[in-house]
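*Asks:* Provided herewith: structure-v4.pdb, PDB, C-alpha atoms.
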```
ATOM      1  CA  MET A 165     -13.132 -15.903 -20.459  1.00  0.00           C
ATOM      2  CA  SER A 166     -13.430 -12.301 -19.306  1.00  0.00           C
ATOM      3  CA  GLY A 167     -15.886 -11.165 -21.953  1.00  0.00           C
ATOM      4  CA  PHE A 168     -13.318  -8.657 -23.201  1.00  0.00           C
ATOM      5  CA  SER A 169     -11.671 -10.192 -26.241  1.00  0.00           C
ATOM      6  CA  PRO A 170      -8.357  -8.912 -27.583  1.00  0.00           C
ATOM      7  CA  ALA A 171     -10.193  -7.647 -30.678  1.00  0.00           C
ATOM      8  CA  TRP A 172     -12.663  -5.652 -28.584  1.00  0.00           C
ATOM      9  CA  LEU A 173      -9.868  -4.258 -26.399  1.00  0.00           C
ATOM     10  CA  ALA A 174      -7.975  -3.172 -29.536  1.00  0.00           C
ATOM     11  CA  LEU A 175     -11.053  -1.279 -30.739  1.00  0.00           C
ATOM     12  CA  ARG A 176     -11.468   0.367 -27.338  1.00  0.00           C
ATOM     13  CA  GLU A 177      -7.829   1.391 -26.741  1.00  0.00           C
ATOM     14  CA  PRO A 178      -7.825   4.584 -28.866  1.00  0.00           C
ATOM     15  CA  ALA A 179     -10.891   5.881 -26.993  1.00  0.00           C
ATOM     16  CA  ASP A 180      -9.286   5.005 -23.653  1.00  0.00           C
ATOM     17  CA  GLN A 181      -6.103   6.837 -24.680  1.00  0.00           C
ATOM     18  CA  ALA A 182      -8.061   9.921 -25.717  1.00  0.00           C
ATOM     19  CA  ALA A 183      -9.976   9.888 -22.424  1.00  0.00           C
ATOM     20  CA  ARG A 184      -6.892   9.679 -20.184  1.00  0.00           C
ATOM     21  CA  ASN A 185      -6.502  12.707 -17.969  1.00  0.00           C
ATOM     22  CA  ARG A 186      -3.180  14.374 -18.843  1.00  0.00           C
ATOM     23  CA  ASP A 187      -3.028  15.961 -15.379  1.00  0.00           C
ATOM     24  CA  VAL A 188      -3.118  12.497 -13.789  1.00  0.00           C
ATOM     25  CA  LEU A 189      -0.358  11.287 -16.111  1.00  0.00           C
ATOM     26  CA  ALA A 190       1.731  14.367 -15.272  1.00  0.00           C
ATOM     27  CA  ALA A 191       1.151  13.807 -11.539  1.00  0.00           C
ATOM     28  CA  CYS A 192       2.230  10.204 -11.956  1.00  0.00           C
ATOM     29  CA  ALA A 193       5.420  11.323 -13.682  1.00  0.00           C
ATOM     30  CA  LEU A 194       6.137  13.883 -10.958  1.00  0.00           C
ATOM     31  CA  THR A 195       5.468  11.407  -8.140  1.00  0.00           C
ATOM     32  CA  PHE A 196       7.993   8.894  -9.444  1.00  0.00           C
ATOM     33  CA  ALA A 197      10.497  11.312 -11.023  1.00  0.00           C
ATOM     34  CA  ALA A 198      13.170  10.756  -8.354  1.00  0.00           C
ATOM     35  CA  ARG A 199      13.092   6.983  -8.687  1.00  0.00           C
ATOM     36  CA  SER A 200      15.361   5.034 -11.000  1.00  0.00           C
ATOM     37  CA  SER A 201      13.002   2.069 -11.193  1.00  0.00           C
ATOM     38  CA  ILE A 202       9.442   0.996 -10.421  1.00  0.00           C
ATOM     39  CA  LYS A 203       7.437  -2.221 -10.127  1.00  0.00           C
ATOM     40  CA  VAL A 204       3.810  -2.168 -11.267  1.00  0.00           C
ATOM     41  CA  CYS A 205       1.126  -4.836 -10.926  1.00  0.00           C
ATOM     42  CA  ASP A 206      -1.662  -4.285 -13.465  1.00  0.00           C
ATOM     43  CA  LEU A 207      -4.816  -6.145 -12.437  1.00  0.00           C
ATOM     44  CA  GLY A 208      -7.220  -6.772 -15.313  1.00  0.00           C
ATOM     45  CA  ALA A 209      -4.370  -5.957 -17.697  1.00  0.00           C
ATOM     46  CA  GLY A 210      -6.111  -7.051 -20.864  1.00  0.00           C
ATOM     47  CA  THR A 211      -3.683  -6.608 -23.738  1.00  0.00           C
ATOM     48  CA  GLY A 212      -1.260  -4.291 -21.934  1.00  0.00           C
ATOM     49  CA  ALA A 213      -2.779  -0.894 -22.757  1.00  0.00           C
ATOM     50  CA  SER A 214      -1.712   0.545 -19.401  1.00  0.00           C
ATOM     51  CA  VAL A 215       1.912  -0.317 -20.106  1.00  0.00           C
ATOM     52  CA  ARG A 216       1.701   1.584 -23.383  1.00  0.00           C
ATOM     53  CA  ALA A 217      -0.105   4.518 -21.737  1.00  0.00           C
ATOM     54  CA  PHE A 218       2.117   4.930 -18.675  1.00  0.00           C
ATOM     55  CA  ALA A 219       5.573   3.780 -19.829  1.00  0.00           C
ATOM     56  CA  ASP A 220       6.748   7.240 -20.867  1.00  0.00           C
ATOM     57  CA  PHE A 221       5.630   8.760 -17.539  1.00  0.00           C
ATOM     58  CA  LEU A 222       7.457   6.344 -15.254  1.00  0.00           C
ATOM     59  CA  PRO A 223      11.129   5.740 -14.422  1.00  0.00           C
ATOM     60  CA  THR A 224      13.234   4.213 -17.177  1.00  0.00           C
ATOM     61  CA  LEU A 225      13.518   0.786 -15.523  1.00  0.00           C
ATOM     62  CA  GLN A 226      10.060  -0.714 -15.117  1.00  0.00           C
ATOM     63  CA  VAL A 227       8.963  -4.184 -14.061  1.00  0.00           C
ATOM     64  CA  TRP A 228       5.334  -4.857 -14.900  1.00  0.00           C
ATOM     65  CA  THR A 229       3.316  -7.855 -13.767  1.00  0.00           C
ATOM     66  CA  LEU A 230       0.234  -8.224 -15.932  1.00  0.00           C
ATOM     67  CA  VAL A 231      -2.678 -10.122 -14.404  1.00  0.00           C
ATOM     68  CA  ASP A 232      -5.788 -11.043 -16.353  1.00  0.00           C
ATOM     69  CA  HIS A 233      -8.336 -13.811 -15.921  1.00  0.00           C
ATOM     70  CA  ASP A 234      -8.319 -14.516 -19.663  1.00  0.00           C
ATOM     71  CA  PRO A 235      -5.119 -16.191 -20.900  1.00  0.00           C
ATOM     72  CA  GLU A 236      -6.005 -15.133 -24.471  1.00  0.00           C
ATOM     73  CA  ASN A 237      -5.677 -11.490 -23.390  1.00  0.00           C
ATOM     74  CA  LEU A 238      -2.291 -12.137 -21.792  1.00  0.00           C
ATOM     75  CA  ASP A 239      -1.065 -13.888 -24.944  1.00  0.00           C
ATOM     76  CA  ALA A 240      -2.300 -10.904 -26.962  1.00  0.00           C
ATOM     77  CA  ALA A 241      -0.507  -8.576 -24.521  1.00  0.00           C
ATOM     78  CA  VAL A 242       2.809 -10.307 -25.180  1.00  0.00           C
ATOM     79  CA  THR A 243       2.271  -9.967 -28.925  1.00  0.00           C
ATOM     80  CA  ALA A 244       1.086  -6.333 -28.785  1.00  0.00           C
ATOM     81  CA  LEU A 245       3.781  -5.192 -26.358  1.00  0.00           C
ATOM     82  CA  SER A 246       6.508  -6.957 -28.340  1.00  0.00           C
ATOM     83  CA  ALA A 247       5.329  -5.121 -31.473  1.00  0.00           C
ATOM     84  CA  TRP A 248       5.158  -1.802 -29.579  1.00  0.00           C
ATOM     85  CA  ALA A 249       8.629  -2.148 -28.094  1.00  0.00           C
ATOM     86  CA  ASP A 250      11.814  -1.167 -29.872  1.00  0.00           C
ATOM     87  CA  GLU A 251      13.291  -4.495 -28.769  1.00  0.00           C
ATOM     88  CA  SER A 252      11.739  -7.537 -27.145  1.00  0.00           C
ATOM     89  CA  GLU A 253      13.111 -10.800 -25.855  1.00  0.00           C
ATOM     90  CA  ARG A 254      10.918 -13.626 -24.599  1.00  0.00           C
ATOM     91  CA  HIS A 255      11.897 -15.628 -21.541  1.00  0.00           C
ATOM     92  CA  ASP A 256      10.236 -18.554 -19.774  1.00  0.00           C
ATOM     93  CA  ASN A 257       8.777 -16.244 -17.141  1.00  0.00           C
ATOM     94  CA  GLY A 258       7.919 -13.246 -19.314  1.00  0.00           C
ATOM     95  CA  VAL A 259       9.158 -10.731 -21.826  1.00  0.00           C
ATOM     96  CA  VAL A 260      11.903  -8.130 -21.559  1.00  0.00           C
ATOM     97  CA  LEU A 261      11.040  -5.024 -23.551  1.00  0.00           C
ATOM     98  CA  GLN A 262      12.956  -1.896 -24.443  1.00  0.00           C
ATOM     99  CA  HIS A 263      10.978   1.122 -25.546  1.00  0.00           C
ATOM    100  CA  GLY A 264      11.977   4.692 -26.311  1.00  0.00           C
ATOM    101  CA  LEU A 265      15.583   3.929 -27.187  1.00  0.00           C
TER     102      LEU A 265
END
```
So that I can check it, write out the structure of this file as structure tokens.
*Replies:*
Amino acid sequence: MSGFSPAWLALREPADQAARNRDVLAACALTFAARSSIKVCDLGAGTGASVRAFADFLPTLQVWTLVDHDPENLDAAVTALSAWADESERHDNGVVLQHGL
């Protein structure tokens, strides 16, 4: 267990979103603007908040690898990201999401 339960992370996410530096997000978007795709490895991914925060600032095709010590958080990430996405399809090795259709 990481000590950061999915319930606690859900309570914290709105504050994290509000605290994100918009200049950093804009710089991220500018840095990767010329790319058609990107691969991201999110260490300590929790319930996937970084995917939700950065998805709109990165190239359309994104491959995310979420890593977290707590399997409960990763299970919660699949659930939360599937609900967030416009479409989701589970596979043996992960989930394919479409967002912003």
*Asks:* Could you tell me, as an mmCIF file with C-alpha atoms, keeping the file's coordinate frame, exactly which residues end up selected when the PyMOL selection byres ((chain A and resi 205) around 8) is applied to this structure?
*Replies:*
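So out_8.cif came out as:
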```cif
data_model
loop_
_atom_site.group_PDB
_atom_site.id
_atom_site.type_symbol
_atom_site.label_atom_id
_atom_site.label_comp_id
_atom_site.auth_asym_id
_atom_site.auth_seq_id
_atom_site.Cartn_x
_atom_site.Cartn_y
_atom_site.Cartn_z
ATOM 1 C CA LYS A 203 7.437 -2.221 -10.127
ATOM 2 C CA VAL A 204 3.810 -2.168 -11.267
ATOM 3 C CA ASP A 206 -1.662 -4.285 -13.465
ATOM 4 C CA LEU A 207 -4.816 -6.145 -12.437
ATOM 5 C CA TRP A 228 5.334 -4.857 -14.900
ATOM 6 C CA THR A 229 3.316 -7.855 -13.767
ATOM 7 C CA LEU A 230 0.234 -8.224 -15.932
ATOM 8 C CA VAL A 231 -2.678 -10.122 -14.404
#
```
*Asks:* Taking the file as shown, find all residues satisfying the PyMOL selection byres ((chain A and resi 240-245) around 8) and write them as a ChimeraX atom specification.
*Replies:* /A:170,210-212,216,236-239,246-249,259,261
*Asks:* Can those selected residues be exported to a file as a short mmCIF file (atom, residue, chain, number, x, y, z; two decimals), in the frame of the given file so that it contains C-alpha atoms?
*Replies:*
```cif
data_model
loop_
_atom_site.label_atom_id
_atom_site.label_comp_id
_atom_site.auth_asym_id
_atom_site.auth_seq_id
_atom_site.Cartn_x
_atom_site.Cartn_y
_atom_site.Cartn_z
CA PRO A 170 -8.36 -8.91 -27.58
CA GLY A 210 -6.11 -7.05 -20.86
CA THR A 211 -3.68 -6.61 -23.74
CA GLY A 212 -1.26 -4.29 -21.93
CA ARG A 216 1.70 1.58 -23.38
CA GLU A 236 -6.00 -15.13 -24.47
CA ASN A 237 -5.68 -11.49 -23.39
CA LEU A 238 -2.29 -12.14 -21.79
CA ASP A 239 -1.06 -13.89 -24.94
CA SER A 246 6.51 -6.96 -28.34
CA ALA A 247 5.33 -5.12 -31.47
CA TRP A 248 5.16 -1.80 -29.58
CA ALA A 249 8.63 -2.15 -28.09
CA VAL A 259 9.16 -10.73 -21.83
CA LEU A 261 11.04 -5.02 -23.55
#
```
*Asks:* Which residue gives the smallest distance to Ala191 (chain A) among A:His233, A:His263, A:His255, A:Leu222, with all atoms listed in the file counted?
*Replies:*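 Going through A:His233, A:His263, A:His255, A:Leu222 one by one, the smallest distance to Ala191 (chain A) is for A:Leu222.
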*Asks:* Pick from A:Ser252, A:Gln262, A:Gln181, A:Ser169: nearest to Ala213 (chain A), with all atoms listed in the file counted?
*Replies:* A:Gln181
*Asks:* For region 222-227 of chain A, what centre and edge lengths in Å (one decimal) does the axis-aligned box get once 5 Å is added on each side of all its listed atoms, as lines of an AutoDock Vina configuration file?
*Replies:*
```
center_x = 10.5
center_y = 1.1
center_z = -15.6
size_x = 16.1
size_y = 20.5
size_z = 13.1
```
*Asks:* Provide the CA of Asp232 (chain A) to CA of Leu173 (chain A) distance in Å, to one decimal place.
*Replies:* 12.8 Å
*Asks:* Of the residues A:Ala217, A:Val260, A:Glu253, A:Gln226, which is the one nearest to Glu177 (chain A), using all atoms listed in the file?
*Replies:* A:Ala217
*Asks:* Kindly give the distance, in Å, that separates CA of Ala219 (chain A) and CA of Ala179 (chain A), rounded to a single decimal.
*Replies:* 18.1 Å
